[in-house]
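Novice: So here's entry-v5.cif, just mmCIF, C-alpha atoms:
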data_work
#
loop_
_atom_site.group_PDB
_atom_site.id
_atom_site.type_symbol
_atom_site.label_atom_id
_atom_site.label_comp_id
_atom_site.auth_asym_id
_atom_site.auth_seq_id
_atom_site.Cartn_x
_atom_site.Cartn_y
_atom_site.Cartn_z
ATOM 1 C CA MET Q 1 -6.978 -32.942 15.438
ATOM 2 C CA PRO Q 2 -6.475 -31.213 18.794
ATOM 3 C CA ALA Q 3 -7.843 -27.682 19.140
ATOM 4 C CA TYR Q 4 -5.959 -24.759 20.603
ATOM 5 C CA LEU Q 5 -6.779 -21.261 21.719
ATOM 6 C CA ALA Q 6 -4.168 -18.621 20.956
ATOM 7 C CA LYS Q 7 -4.247 -15.296 22.793
ATOM 8 C CA VAL Q 8 -2.301 -12.733 20.776
ATOM 9 C CA TYR Q 9 -1.149 -9.369 22.137
ATOM 10 C CA VAL Q 10 -0.007 -6.720 19.668
ATOM 11 C CA SER Q 11 1.572 -3.527 20.973
ATOM 12 C CA TYR Q 12 3.533 -0.586 19.625
ATOM 13 C CA LYS Q 13 7.304 -0.881 19.838
ATOM 14 C CA PRO Q 14 8.701 1.179 22.743
ATOM 15 C CA THR Q 15 10.112 3.713 20.250
ATOM 16 C CA VAL Q 16 6.676 4.437 18.718
ATOM 17 C CA ASN Q 17 4.607 7.218 20.269
ATOM 18 C CA ASP Q 18 1.214 6.031 21.544
ATOM 19 C CA PRO Q 19 -1.186 9.011 21.785
ATOM 20 C CA GLN Q 20 -4.069 6.716 22.776
ATOM 21 C CA GLY Q 21 -2.094 5.422 25.756
ATOM 22 C CA LEU Q 22 -1.166 8.989 26.753
ATOM 23 C CA THR Q 23 -4.827 10.027 26.604
ATOM 24 C CA ILE Q 24 -5.882 7.049 28.767
ATOM 25 C CA ARG Q 25 -3.141 7.929 31.261
ATOM 26 C CA ASP Q 26 -4.424 11.520 31.470
ATOM 27 C CA GLY Q 27 -7.959 10.205 31.981
ATOM 28 C CA LEU Q 28 -6.800 7.984 34.845
ATOM 29 C CA HIS Q 29 -5.019 10.963 36.409
ATOM 30 C CA THR Q 30 -8.234 12.987 36.142
ATOM 31 C CA LEU Q 31 -10.080 10.190 37.953
ATOM 32 C CA GLY Q 32 -7.596 10.482 40.808
ATOM 33 C CA PHE Q 33 -5.258 7.595 39.984
ATOM 34 C CA ALA Q 34 -2.237 9.836 40.483
ATOM 35 C CA GLN Q 35 0.053 6.846 40.919
ATOM 36 C CA VAL Q 36 -0.297 5.870 37.211
ATOM 37 C CA LYS Q 37 3.083 6.420 35.556
ATOM 38 C CA SER Q 38 2.394 5.316 32.003
ATOM 39 C CA VAL Q 39 -0.158 3.541 29.819
ATOM 40 C CA ARG Q 40 0.429 1.763 26.514
ATOM 41 C CA ALA Q 41 -2.635 0.619 24.547
ATOM 42 C CA GLY Q 42 -2.578 -2.318 22.143
ATOM 43 C CA LYS Q 43 -4.690 -5.035 20.537
ATOM 44 C CA TYR Q 44 -5.831 -8.374 21.912
ATOM 45 C CA ILE Q 45 -6.837 -11.107 19.457
ATOM 46 C CA GLU Q 46 -8.170 -14.615 20.202
ATOM 47 C CA ILE Q 47 -7.668 -17.323 17.590
ATOM 48 C CA ARG Q 48 -9.069 -20.845 17.753
ATOM 49 C CA LEU Q 49 -7.247 -23.289 15.515
ATOM 50 C CA GLU Q 50 -6.557 -26.978 15.004
ATOM 51 C CA ALA Q 51 -3.008 -28.309 14.993
ATOM 52 C CA GLU Q 52 -1.161 -31.612 15.404
ATOM 53 C CA SER Q 53 0.666 -30.341 18.461
ATOM 54 C CA ALA Q 54 1.145 -27.298 20.667
ATOM 55 C CA GLU Q 55 4.420 -26.615 18.824
ATOM 56 C CA GLN Q 56 2.685 -26.643 15.456
ATOM 57 C CA ALA Q 57 -0.056 -24.347 16.771
ATOM 58 C CA SER Q 58 2.593 -21.929 18.034
ATOM 59 C CA SER Q 59 4.503 -21.880 14.782
ATOM 60 C CA GLN Q 60 1.298 -21.216 12.827
ATOM 61 C CA VAL Q 61 0.282 -18.351 15.104
ATOM 62 C CA ARG Q 62 3.791 -16.894 14.874
ATOM 63 C CA GLU Q 63 3.481 -16.840 11.065
ATOM 64 C CA MET Q 64 0.028 -15.191 11.322
ATOM 65 C CA CYS Q 65 1.540 -12.467 13.488
ATOM 66 C CA ARG Q 66 4.433 -11.938 11.112
ATOM 67 C CA GLN Q 67 2.320 -11.848 7.963
ATOM 68 C CA LEU Q 68 -0.765 -9.951 9.102
ATOM 69 C CA LEU Q 69 -1.570 -9.402 12.772
ATOM 70 C CA ALA Q 70 1.393 -7.144 13.540
ATOM 71 C CA ASN Q 71 3.211 -4.666 11.319
ATOM 72 C CA PRO Q 72 6.915 -5.195 12.076
ATOM 73 C CA VAL Q 73 7.693 -1.537 11.303
ATOM 74 C CA ILE Q 74 5.796 -0.334 14.378
ATOM 75 C CA GLU Q 75 4.540 -3.296 16.388
ATOM 76 C CA ASP Q 76 5.746 -6.177 18.562
ATOM 77 C CA PHE Q 77 3.672 -9.249 19.329
ATOM 78 C CA ARG Q 78 3.534 -12.035 21.862
ATOM 79 C CA PHE Q 79 1.066 -14.863 22.342
ATOM 80 C CA ASP Q 80 0.121 -17.856 24.468
ATOM 81 C CA THR Q 81 -1.488 -21.040 23.175
ATOM 82 C CA GLU Q 82 -3.499 -23.429 25.293
ATOM 83 C CA PRO Q 83 -5.362 -26.658 24.436
ATOM 84 C CA VAL Q 84 -9.166 -26.375 24.465
ATOM 85 C CA MET Z 85 -3.610 7.530 -22.115
ATOM 86 C CA ARG Z 86 -5.737 5.426 -19.829
ATOM 87 C CA PHE Z 87 -5.951 5.257 -16.059
ATOM 88 C CA GLY Z 88 -7.353 2.547 -13.802
ATOM 89 C CA VAL Z 89 -8.909 3.575 -10.485
ATOM 90 C CA VAL Z 90 -8.878 0.616 -8.093
ATOM 91 C CA VAL Z 91 -12.000 0.066 -5.986
ATOM 92 C CA PHE Z 92 -11.816 -1.985 -2.793
ATOM 93 C CA PRO Z 93 -14.838 -2.605 -0.561
ATOM 94 C CA GLY Z 94 -14.893 0.593 1.501
ATOM 95 C CA THR Z 95 -13.046 2.835 -0.958
ATOM 96 C CA TRP Z 96 -14.789 6.214 -1.077
ATOM 97 C CA SER Z 97 -12.668 8.589 -3.168
ATOM 98 C CA ASP Z 98 -12.875 6.460 -6.320
ATOM 99 C CA THR Z 99 -15.607 8.649 -7.838
ATOM 100 C CA ASP Z 100 -13.585 11.812 -7.079
ATOM 101 C CA CYS Z 101 -10.539 10.340 -8.863
ATOM 102 C CA TYR Z 102 -12.678 9.119 -11.773
ATOM 103 C CA HIS Z 103 -14.287 12.552 -12.102
ATOM 104 C CA ALA Z 104 -11.004 14.470 -11.902
ATOM 105 C CA LEU Z 105 -9.157 12.258 -14.400
ATOM 106 C CA GLY Z 106 -12.084 11.811 -16.773
ATOM 107 C CA ALA Z 107 -14.567 14.708 -16.790
ATOM 108 C CA VAL Z 108 -12.143 17.422 -15.630
ATOM 109 C CA LEU Z 109 -8.825 16.483 -17.252
ATOM 110 C CA GLY Z 110 -10.179 14.507 -20.201
ATOM 111 C CA TYR Z 111 -8.247 11.241 -19.876
ATOM 112 C CA ARG Z 112 -9.673 7.773 -20.399
ATOM 113 C CA VAL Z 113 -10.374 6.212 -17.052
ATOM 114 C CA ASP Z 114 -11.959 2.990 -15.787
ATOM 115 C CA TYR Z 115 -12.885 1.652 -12.399
ATOM 116 C CA VAL Z 116 -10.889 -1.499 -11.564
ATOM 117 C CA TRP Z 117 -12.711 -3.767 -9.102
ATOM 118 C CA HIS Z 118 -10.332 -5.295 -6.557
ATOM 119 C CA GLN Z 119 -10.995 -8.822 -7.916
ATOM 120 C CA GLN Z 120 -9.651 -7.843 -11.346
ATOM 121 C CA THR Z 121 -6.081 -8.913 -12.106
ATOM 122 C CA ASP Z 122 -5.508 -7.724 -15.692
ATOM 123 C CA LEU Z 123 -4.035 -4.212 -15.695
ATOM 124 C CA SER Z 124 -2.507 -4.409 -19.182
ATOM 125 C CA ALA Z 125 -4.859 -1.743 -20.583
ATOM 126 C CA TYR Z 126 -3.546 0.990 -18.287
ATOM 127 C CA ASN Z 127 -0.722 3.529 -18.321
ATOM 128 C CA GLY Z 128 -1.286 4.474 -14.710
ATOM 129 C CA ILE Z 129 -3.018 3.002 -11.653
ATOM 130 C CA VAL Z 130 -4.655 5.017 -8.876
ATOM 131 C CA LEU Z 131 -5.278 3.580 -5.419
ATOM 132 C CA PRO Z 132 -7.819 6.068 -4.055
ATOM 133 C CA GLY Z 133 -8.739 7.152 -0.564
ATOM 134 C CA GLY Z 134 -11.328 5.677 1.741
ATOM 135 C CA PHE Z 135 -11.600 2.964 4.325
ATOM 136 C CA SER Z 136 -10.846 -0.269 2.498
ATOM 137 C CA TYR Z 137 -12.153 -3.192 4.533
ATOM 138 C CA GLY Z 138 -13.258 -0.738 7.204
ATOM 139 C CA ASP Z 139 -9.631 -0.049 8.202
ATOM 140 C CA TYR Z 140 -9.928 -3.258 10.253
ATOM 141 C CA LEU Z 141 -6.734 -4.305 12.049
ATOM 142 C CA ARG Z 142 -4.728 -1.429 10.491
ATOM 143 C CA PRO Z 143 -5.534 0.856 7.527
ATOM 144 C CA GLY Z 144 -4.591 -1.013 4.348
ATOM 145 C CA ALA Z 145 -3.700 -4.244 6.153
ATOM 146 C CA ILE Z 146 -6.454 -6.339 4.555
ATOM 147 C CA ALA Z 147 -6.622 -4.589 1.170
ATOM 148 C CA ARG Z 148 -3.117 -5.686 0.370
ATOM 149 C CA PHE Z 149 -4.363 -9.289 0.052
ATOM 150 C CA SER Z 150 -6.964 -8.379 -2.592
ATOM 151 C CA PRO Z 151 -6.319 -10.145 -5.935
ATOM 152 C CA VAL Z 152 -5.623 -6.837 -7.692
ATOM 153 C CA MET Z 153 -2.675 -6.055 -5.407
ATOM 154 C CA ALA Z 154 -0.426 -8.806 -6.792
ATOM 155 C CA SER Z 155 -1.060 -7.277 -10.240
ATOM 156 C CA VAL Z 156 -0.364 -3.771 -8.913
ATOM 157 C CA ALA Z 157 2.967 -5.029 -7.515
ATOM 158 C CA ARG Z 158 3.885 -6.552 -10.909
ATOM 159 C CA PHE Z 159 2.724 -3.394 -12.706
ATOM 160 C CA ALA Z 160 4.992 -1.337 -10.424
ATOM 161 C CA ALA Z 161 7.923 -3.739 -10.797
ATOM 162 C CA ASP Z 162 7.635 -3.305 -14.576
ATOM 163 C CA GLY Z 163 7.962 0.463 -14.141
ATOM 164 C CA GLY Z 164 4.240 1.340 -14.362
ATOM 165 C CA LEU Z 165 3.005 4.451 -12.574
ATOM 166 C CA VAL Z 166 1.118 3.741 -9.336
ATOM 167 C CA ILE Z 167 -0.184 6.593 -7.194
ATOM 168 C CA GLY Z 168 -1.713 5.864 -3.800
ATOM 169 C CA ILE Z 169 -3.748 8.678 -2.264
ATOM 170 C CA CYS Z 170 -4.676 8.665 1.438
ATOM 171 C CA ASN Z 171 -5.902 5.094 2.055
ATOM 172 C CA GLY Z 172 -4.063 4.167 -1.151
ATOM 173 C CA PHE Z 173 -0.808 5.386 0.473
ATOM 174 C CA GLN Z 174 -1.604 3.261 3.526
ATOM 175 C CA VAL Z 175 -2.197 0.225 1.278
ATOM 176 C CA LEU Z 176 1.124 0.773 -0.558
ATOM 177 C CA CYS Z 177 2.990 0.891 2.776
ATOM 178 C CA GLU Z 178 1.268 -2.243 4.106
ATOM 179 C CA ALA Z 179 2.023 -4.007 0.813
ATOM 180 C CA GLY Z 180 5.707 -3.121 1.134
ATOM 181 C CA LEU Z 181 5.725 -1.105 -2.113
ATOM 182 C CA LEU Z 182 6.710 1.954 -0.065
ATOM 183 C CA PRO Z 183 8.664 2.035 3.208
ATOM 184 C CA GLY Z 184 7.212 3.064 6.569
ATOM 185 C CA VAL Z 185 3.646 3.185 7.832
ATOM 186 C CA LEU Z 186 0.852 5.691 8.535
ATOM 187 C CA LEU Z 187 0.069 5.879 12.258
ATOM 188 C CA PRO Z 188 -3.003 7.477 13.864
ATOM 189 C CA ASN Z 189 -2.708 11.278 13.857
ATOM 190 C CA SER Z 190 -0.680 12.370 16.884
ATOM 191 C CA HIS Z 191 -3.644 14.349 18.310
ATOM 192 C CA LEU Z 192 -6.058 11.453 17.552
ATOM 193 C CA GLN Z 193 -8.397 13.829 15.657
ATOM 194 C CA TYR Z 194 -9.711 13.213 12.170
ATOM 195 C CA ARG Z 195 -8.543 16.190 10.107
ATOM 196 C CA CYS Z 196 -10.416 17.478 7.060
ATOM 197 C CA GLN Z 197 -8.731 20.732 6.012
ATOM 198 C CA TRP Z 198 -6.563 22.481 3.429
ATOM 199 C CA THR Z 199 -2.820 22.028 3.728
ATOM 200 C CA ASN Z 200 0.199 23.547 2.002
ATOM 201 C CA LEU Z 201 2.628 21.103 0.418
ATOM 202 C CA ARG Z 202 6.171 21.954 -0.571
ATOM 203 C CA VAL Z 203 7.417 20.061 -3.622
ATOM 204 C CA ASP Z 204 10.816 18.747 -2.551
ATOM 205 C CA ASN Z 205 11.575 16.690 -5.650
ATOM 206 C CA THR Z 206 10.481 17.755 -9.128
ATOM 207 C CA MET Z 207 12.375 14.915 -10.838
ATOM 208 C CA THR Z 208 9.499 12.439 -10.506
ATOM 209 C CA PRO Z 209 6.705 11.494 -12.932
ATOM 210 C CA TYR Z 210 4.288 13.137 -10.475
ATOM 211 C CA THR Z 211 5.919 16.549 -10.072
ATOM 212 C CA GLY Z 212 7.638 17.251 -13.399
ATOM 213 C CA THR Z 213 5.476 20.321 -14.104
ATOM 214 C CA CYS Z 214 6.224 21.871 -10.668
ATOM 215 C CA ARG Z 215 8.981 24.318 -9.764
ATOM 216 C CA PRO Z 216 11.453 23.150 -7.088
ATOM 217 C CA GLY Z 217 10.088 24.309 -3.733
ATOM 218 C CA GLN Z 218 6.694 25.216 -5.207
ATOM 219 C CA VAL Z 219 3.902 25.268 -2.618
ATOM 220 C CA LEU Z 220 0.700 23.457 -3.590
ATOM 221 C CA ARG Z 221 -2.575 23.917 -1.719
ATOM 222 C CA VAL Z 222 -4.185 20.477 -1.367
ATOM 223 C CA PRO Z 223 -6.784 19.215 1.143
ATOM 224 C CA ILE Z 224 -6.351 16.327 3.563
ATOM 225 C CA SER Z 225 -9.069 14.137 5.055
ATOM 226 C CA HIS Z 226 -7.754 11.422 7.348
ATOM 227 C CA GLY Z 227 -7.377 10.049 10.849
ATOM 228 C CA ASP Z 228 -4.252 7.980 10.158
ATOM 229 C CA GLY Z 229 -1.807 10.163 8.259
ATOM 230 C CA ASN Z 230 1.069 10.347 10.702
ATOM 231 C CA TYR Z 231 3.937 9.037 8.578
ATOM 232 C CA TYR Z 232 6.382 6.948 10.579
ATOM 233 C CA ALA Z 233 9.608 5.159 9.720
ATOM 234 C CA ASP Z 234 12.714 4.580 11.797
ATOM 235 C CA GLU Z 235 15.459 7.204 11.682
ATOM 236 C CA ALA Z 236 17.678 5.182 9.336
ATOM 237 C CA THR Z 237 14.826 4.800 6.840
ATOM 238 C CA LEU Z 238 13.966 8.515 7.032
ATOM 239 C CA THR Z 239 17.571 9.475 6.375
ATOM 240 C CA ASP Z 240 17.701 7.012 3.497
ATOM 241 C CA LEU Z 241 14.502 8.482 1.997
ATOM 242 C CA GLU Z 242 15.959 11.982 2.107
ATOM 243 C CA ARG Z 243 19.312 10.915 0.703
ATOM 244 C CA HIS Z 244 17.622 9.296 -2.291
ATOM 245 C CA GLY Z 245 15.259 12.206 -2.914
ATOM 246 C CA GLN Z 246 12.227 10.098 -2.092
ATOM 247 C CA VAL Z 247 10.498 12.746 0.029
ATOM 248 C CA VAL Z 248 8.308 14.373 -2.617
ATOM 249 C CA PHE Z 249 5.912 16.511 -0.522
ATOM 250 C CA ARG Z 250 6.198 18.085 2.929
ATOM 251 C CA TYR Z 251 3.551 19.949 4.927
ATOM 252 C CA CYS Z 252 4.603 23.587 5.159
ATOM 253 C CA THR Z 253 3.498 27.173 5.704
ATOM 254 C CA PRO Z 254 2.150 29.147 2.722
ATOM 255 C CA ASP Z 255 5.743 30.405 2.341
ATOM 256 C CA GLY Z 256 7.144 26.899 2.069
ATOM 257 C CA GLU Z 257 8.597 26.445 5.552
ATOM 258 C CA ALA Z 258 8.155 22.964 7.034
ATOM 259 C CA THR Z 259 7.232 23.978 10.608
ATOM 260 C CA PRO Z 260 5.645 21.944 13.423
ATOM 261 C CA GLU Z 261 2.560 24.223 13.230
ATOM 262 C CA SER Z 262 2.030 23.424 9.549
ATOM 263 C CA ASN Z 263 2.164 19.681 10.208
ATOM 264 C CA PRO Z 264 -1.476 18.537 10.536
ATOM 265 C CA ASN Z 265 -0.915 15.011 11.865
ATOM 266 C CA GLY Z 266 2.509 14.643 13.495
ATOM 267 C CA ALA Z 267 4.148 13.070 10.441
ATOM 268 C CA ALA Z 268 7.898 12.475 10.774
ATOM 269 C CA ARG Z 269 9.863 15.351 9.229
ATOM 270 C CA ASN Z 270 6.565 16.848 7.933
ATOM 271 C CA ILE Z 271 6.368 14.135 5.278
ATOM 272 C CA ALA Z 272 3.153 14.248 3.232
ATOM 273 C CA GLY Z 273 4.227 12.115 0.274
ATOM 274 C CA ILE Z 274 7.058 9.787 -0.724
ATOM 275 C CA CYS Z 275 8.070 7.766 -3.755
ATOM 276 C CA ASN Z 276 10.082 4.586 -4.199
ATOM 277 C CA GLN Z 277 13.697 4.704 -5.339
ATOM 278 C CA GLN Z 278 12.660 4.060 -8.947
ATOM 279 C CA ARG Z 279 10.258 7.082 -8.719
ATOM 280 C CA ASN Z 280 7.323 5.246 -10.329
ATOM 281 C CA VAL Z 281 5.346 4.551 -7.126
ATOM 282 C CA LEU Z 282 4.070 7.561 -5.162
ATOM 283 C CA GLY Z 283 2.091 7.649 -1.924
ATOM 284 C CA MET Z 284 0.585 10.834 -0.520
ATOM 285 C CA MET Z 285 -1.953 11.595 2.202
ATOM 286 C CA PRO Z 286 -3.424 14.812 0.674
ATOM 287 C CA HIS Z 287 -6.072 14.542 -2.050
ATOM 288 C CA PRO Z 288 -5.044 16.123 -5.392
ATOM 289 C CA GLU Z 289 -8.235 14.774 -7.004
ATOM 290 C CA ARG Z 290 -10.273 17.065 -4.766
ATOM 291 C CA CYS Z 291 -8.639 20.260 -6.004
ATOM 292 C CA CYS Z 292 -8.714 20.174 -9.802
ATOM 293 C CA GLU Z 293 -11.577 22.664 -10.233
ATOM 294 C CA GLN Z 294 -11.945 26.233 -8.987
ATOM 295 C CA VAL Z 295 -15.470 25.482 -7.794
ATOM 296 C CA LEU Z 296 -13.907 23.107 -5.228
ATOM 297 C CA GLY Z 297 -11.640 25.844 -3.897
ATOM 298 C CA GLY Z 298 -8.438 25.268 -5.832
ATOM 299 C CA THR Z 299 -6.782 23.672 -8.848
ATOM 300 C CA ASP Z 300 -3.305 22.757 -7.594
ATOM 301 C CA GLY Z 301 -4.132 19.044 -7.855
ATOM 302 C CA ARG Z 302 -3.844 19.465 -11.607
ATOM 303 C CA PHE Z 303 -0.076 19.892 -11.285
ATOM 304 C CA ILE Z 304 0.203 16.280 -10.157
ATOM 305 C CA PHE Z 305 -2.105 14.727 -12.760
ATOM 306 C CA GLN Z 306 -0.714 16.898 -15.565
ATOM 307 C CA SER Z 307 2.815 15.911 -14.529
ATOM 308 C CA ILE Z 308 1.765 12.261 -14.905
ATOM 309 C CA ALA Z 309 0.278 13.006 -18.335
ATOM 310 C CA SER Z 310 3.401 14.895 -19.503
ATOM 311 C CA TYR Z 311 5.599 12.052 -18.324
ATOM 312 C CA LEU Z 312 3.481 9.453 -20.156
ATOM 313 C CA GLU Z 313 3.314 11.590 -23.306
ATOM 314 C CA ALA Z 314 7.115 11.833 -23.315
ATOM 315 C CA LEU Z 315 7.215 8.040 -23.103
ATOM 316 C CA GLY Z 316 4.869 7.848 -26.085
ATOM 317 C CA GLY Z 317 1.917 6.641 -23.977
#
Can you give me the file's structure in the form of structure tokens?

Specialist:
Amino acid sequence: MPAYLAKVYVSYKPTVNDPQGLTIRDGLHTLGFAQVKSVRAGKYIEIRLEAESAEQASSQVREMCRQLLANPVIEDFRFDTEPV
Amino acid sequence: MRFGVVVFPGTWSDTDCYHALGAVLGYRVDYVWHQQTDLSAYNGIVLPGGFSYGDYLRPGAIARFSPVMASVARFAADGGLVIGICNGFQVLCEAGLLPGVLLPNSHLQYRCQWTNLRVDNTMTPYTGTCRPGQVLRVPISHGDGNYYADEATLTDLERHGQVVFRYCTPDGEATPESNPNGAARNIAGICNQQRNVLGMMPHPERCCEQVLGGTDGRFIFQSIASYLEALGG
């Protein structure tokens, strides 16, 4: 079966406060990067999986995001899949 | 009257709960390993504090797949009493047994301190021995206790009397200064609409003896016992 690599990005919804991102922004300002307007921190997850097709790989990863990788109350997700 | 204290890998407040319920308050109590699925012996289930599965991904996110959790959900659906404390509250939210989620504290600090809790609903199995508006002194110990739900859910919780505890001043005022973690509307503990599932961030099991600095935790466990006694448990 073909193998795929999924790169999953999980981030807080825009309405959820992100104190970690605010702290990183302040750190960048302290370093002199005054042009930084905002920072949002999130999670990056790599998943290797086997699937019949790219579509099947995508639908499996979407289910993984819905059931575990992201909490729909606070988080959004997006992902790319590529053959490996 | 018999309580089960659930133990996940990484749970750390299980011995505190066991001690408070057993040695201090005199109830029968067992540890329930997370692989166990038979809860028929128990009148109440405690999901204690700690760092189940290392808090990996999100606090409580992995624990909810433990075999015991399907049984806890059935136990709750049948009206059984389930109290989640600290990490147990996080697990109940991740499992969908309570609405909302516990975010990292707004200041990103781990807080281990005493807090004042105002009892906003005394018509629950967990607060029946409290006076309306009574202030309980109960410690917290967490890094992710910042209760979050969208505005519609928060309004719904308040309308149905599901906000059981709020962080407050010693006089019972829910002020921003008395909120230790940024929780929405100072929420420290909520219950489901049926009132039989409670989640709270503060640790009542750590304040049942004067030698530990306070005994207000007894109000919660004795409320549970009174409720069960009235049921004939």

Novice: Can you tell me which residues surround stretch 31-47 of chain Q at a distance of at most 6 Å, considering only C-alpha atoms, apart from same-chain residues fewer than 3 positions away, and format the answer as a list of chain:residue names?

Specialist: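 After dropping sequence-adjacent residues, the list is Q:Leu5, Q:Ala6, Q:Lys7, Q:Val8, Q:Tyr9, Q:Val10, Q:Ser11, Q:Gly21, Q:Arg25, Q:Leu28.
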
Novice: Using only C-alpha atoms, which of the listed residues (Q:Glu55, Q:Pro19, Q:Tyr12, Q:His29) sits closest to chain Z?

Specialist: Q:Pro19

Novice: Residues picked by the PyMOL selection byres ((chain Q) within 9 of (chain Z)) here, as an MDAnalysis selection string?

Specialist: chainID Q and resid 15:20 43 68:71 73:74

Novice: For the provided coordinates, the residues matched by the PyMOL selection byres ((chain Z and resi 283) around 9) should be stated as JSON, numbers by chain.

Specialist: {"Z": [166, 167, 168, 169, 170, 172, 173, 174, 176, 177, 182, 272, 273, 274, 275, 276, 281, 282, 284, 285]}

Novice: Please provide as a ChimeraX atom specification all residues within 12 Å of Q:Leu49, with the sequence filter that same-chain residues fewer than 2 positions apart are discarded (counting only C-alpha atoms).

Specialist: /Q:1-7,46-47,51-54,56-61,64,81-84

Novice: Apply the PyMOL selection byres ((chain Z and resi 112) around 7) to the displayed file and report the matching residues as a PDB file with C-alpha atoms, in the frame of the given file.

Specialist:
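The result, written out as part_29.pdb:
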ATOM      1  CA  MET Z  85      -3.610   7.530 -22.115  1.00  0.00           C
ATOM      2  CA  ARG Z  86      -5.737   5.426 -19.829  1.00  0.00           C
ATOM      3  CA  PHE Z  87      -5.951   5.257 -16.059  1.00  0.00           C
ATOM      4  CA  GLY Z 106     -12.084  11.811 -16.773  1.00  0.00           C
ATOM      5  CA  GLY Z 110     -10.179  14.507 -20.201  1.00  0.00           C
ATOM      6  CA  TYR Z 111      -8.247  11.241 -19.876  1.00  0.00           C
ATOM      7  CA  VAL Z 113     -10.374   6.212 -17.052  1.00  0.00           C
TER       8      VAL Z 113
END

Novice: Calculate how many Å separate atom CA of Q:Leu22 from atom CA of Q:Arg78, rounding to one decimal.

Specialist: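 These atoms are spaced 22.1 Å apart.
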
Novice: Calculate how many Å separate atom CA of Z:Val247 from atom CA of Z:Asp100, rounding to one decimal.

Specialist: 25.1 Å

Novice: When you look at stretch 194-201 of chain Z with a cut-off of 6 Å (counting only C-alpha atoms), what residues show up, excluding the ones that are within fewer than 4 positions of it in the same chain? I need them as a PyMOL selection string.

Specialist: chain Z and resi 219-227+249-252+254

Novice: Tell me which of Z:Ala268, Z:Tyr126, Z:Tyr140, Z:Leu165 sits closest to Z:Thr239, counting only C-alpha atoms.

Specialist: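 Under the stated criterion, the closest residue is Z:Ala268.
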
Novice: What is the distance between atom CA of Z:Asn205 and atom CA of Z:His244, in Å to one decimal?

Specialist: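 Calculated distance between atom CA of Z:Asn205 and atom CA of Z:His244 is 10.1 Å.
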
Novice: For stretch 53-66 of chain Q, supply N, CA and C atoms and report the output as a PDB file, in the coordinates of the input.

Specialist:
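New file selection-v6.pdb:
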ATOM      1  N   SER Q  53       0.010 -30.441  17.165  1.00  0.00           N
ATOM      2  CA  SER Q  53       0.666 -30.341  18.461  1.00  0.00           C
ATOM      3  C   SER Q  53       0.695 -28.881  18.901  1.00  0.00           C
ATOM      4  N   ALA Q  54       1.033 -28.672  20.160  1.00  0.00           N
ATOM      5  CA  ALA Q  54       1.145 -27.298  20.667  1.00  0.00           C
ATOM      6  C   ALA Q  54       2.232 -26.542  19.910  1.00  0.00           C
ATOM      7  N   GLU Q  55       3.329 -27.267  19.550  1.00  0.00           N
ATOM      8  CA  GLU Q  55       4.420 -26.615  18.824  1.00  0.00           C
ATOM      9  C   GLU Q  55       3.947 -26.147  17.446  1.00  0.00           C
ATOM     10  N   GLN Q  56       3.167 -27.018  16.780  1.00  0.00           N
ATOM     11  CA  GLN Q  56       2.685 -26.643  15.456  1.00  0.00           C
ATOM     12  C   GLN Q  56       1.712 -25.464  15.544  1.00  0.00           C
ATOM     13  N   ALA Q  57       0.862 -25.477  16.577  1.00  0.00           N
ATOM     14  CA  ALA Q  57      -0.056 -24.347  16.771  1.00  0.00           C
ATOM     15  C   ALA Q  57       0.736 -23.059  16.959  1.00  0.00           C
ATOM     16  N   SER Q  58       1.775 -23.119  17.780  1.00  0.00           N
ATOM     17  CA  SER Q  58       2.593 -21.929  18.034  1.00  0.00           C
ATOM     18  C   SER Q  58       3.251 -21.426  16.761  1.00  0.00           C
ATOM     19  N   SER Q  59       3.786 -22.345  15.968  1.00  0.00           N
ATOM     20  CA  SER Q  59       4.503 -21.880  14.782  1.00  0.00           C
ATOM     21  C   SER Q  59       3.523 -21.268  13.779  1.00  0.00           C
ATOM     22  N   GLN Q  60       2.298 -21.822  13.729  1.00  0.00           N
ATOM     23  CA  GLN Q  60       1.298 -21.216  12.827  1.00  0.00           C
ATOM     24  C   GLN Q  60       0.911 -19.821  13.282  1.00  0.00           C
ATOM     25  N   VAL Q  61       0.688 -19.663  14.579  1.00  0.00           N
ATOM     26  CA  VAL Q  61       0.282 -18.351  15.104  1.00  0.00           C
ATOM     27  C   VAL Q  61       1.415 -17.337  14.909  1.00  0.00           C
ATOM     28  N   ARG Q  62       2.648 -17.797  15.079  1.00  0.00           N
ATOM     29  CA  ARG Q  62       3.791 -16.894  14.874  1.00  0.00           C
ATOM     30  C   ARG Q  62       3.799 -16.365  13.437  1.00  0.00           C
ATOM     31  N   GLU Q  63       3.537 -17.261  12.470  1.00  0.00           N
ATOM     32  CA  GLU Q  63       3.481 -16.840  11.065  1.00  0.00           C
ATOM     33  C   GLU Q  63       2.337 -15.856  10.822  1.00  0.00           C
ATOM     34  N   MET Q  64       1.175 -16.113  11.471  1.00  0.00           N
ATOM     35  CA  MET Q  64       0.028 -15.191  11.322  1.00  0.00           C
ATOM     36  C   MET Q  64       0.404 -13.804  11.815  1.00  0.00           C
ATOM     37  N   CYS Q  65       1.116 -13.756  12.930  1.00  0.00           N
ATOM     38  CA  CYS Q  65       1.540 -12.467  13.488  1.00  0.00           C
ATOM     39  C   CYS Q  65       2.486 -11.764  12.531  1.00  0.00           C
ATOM     40  N   ARG Q  66       3.437 -12.538  11.998  1.00  0.00           N
ATOM     41  CA  ARG Q  66       4.433 -11.938  11.112  1.00  0.00           C
ATOM     42  C   ARG Q  66       3.808 -11.425   9.821  1.00  0.00           C
TER      43      ARG Q  66
END
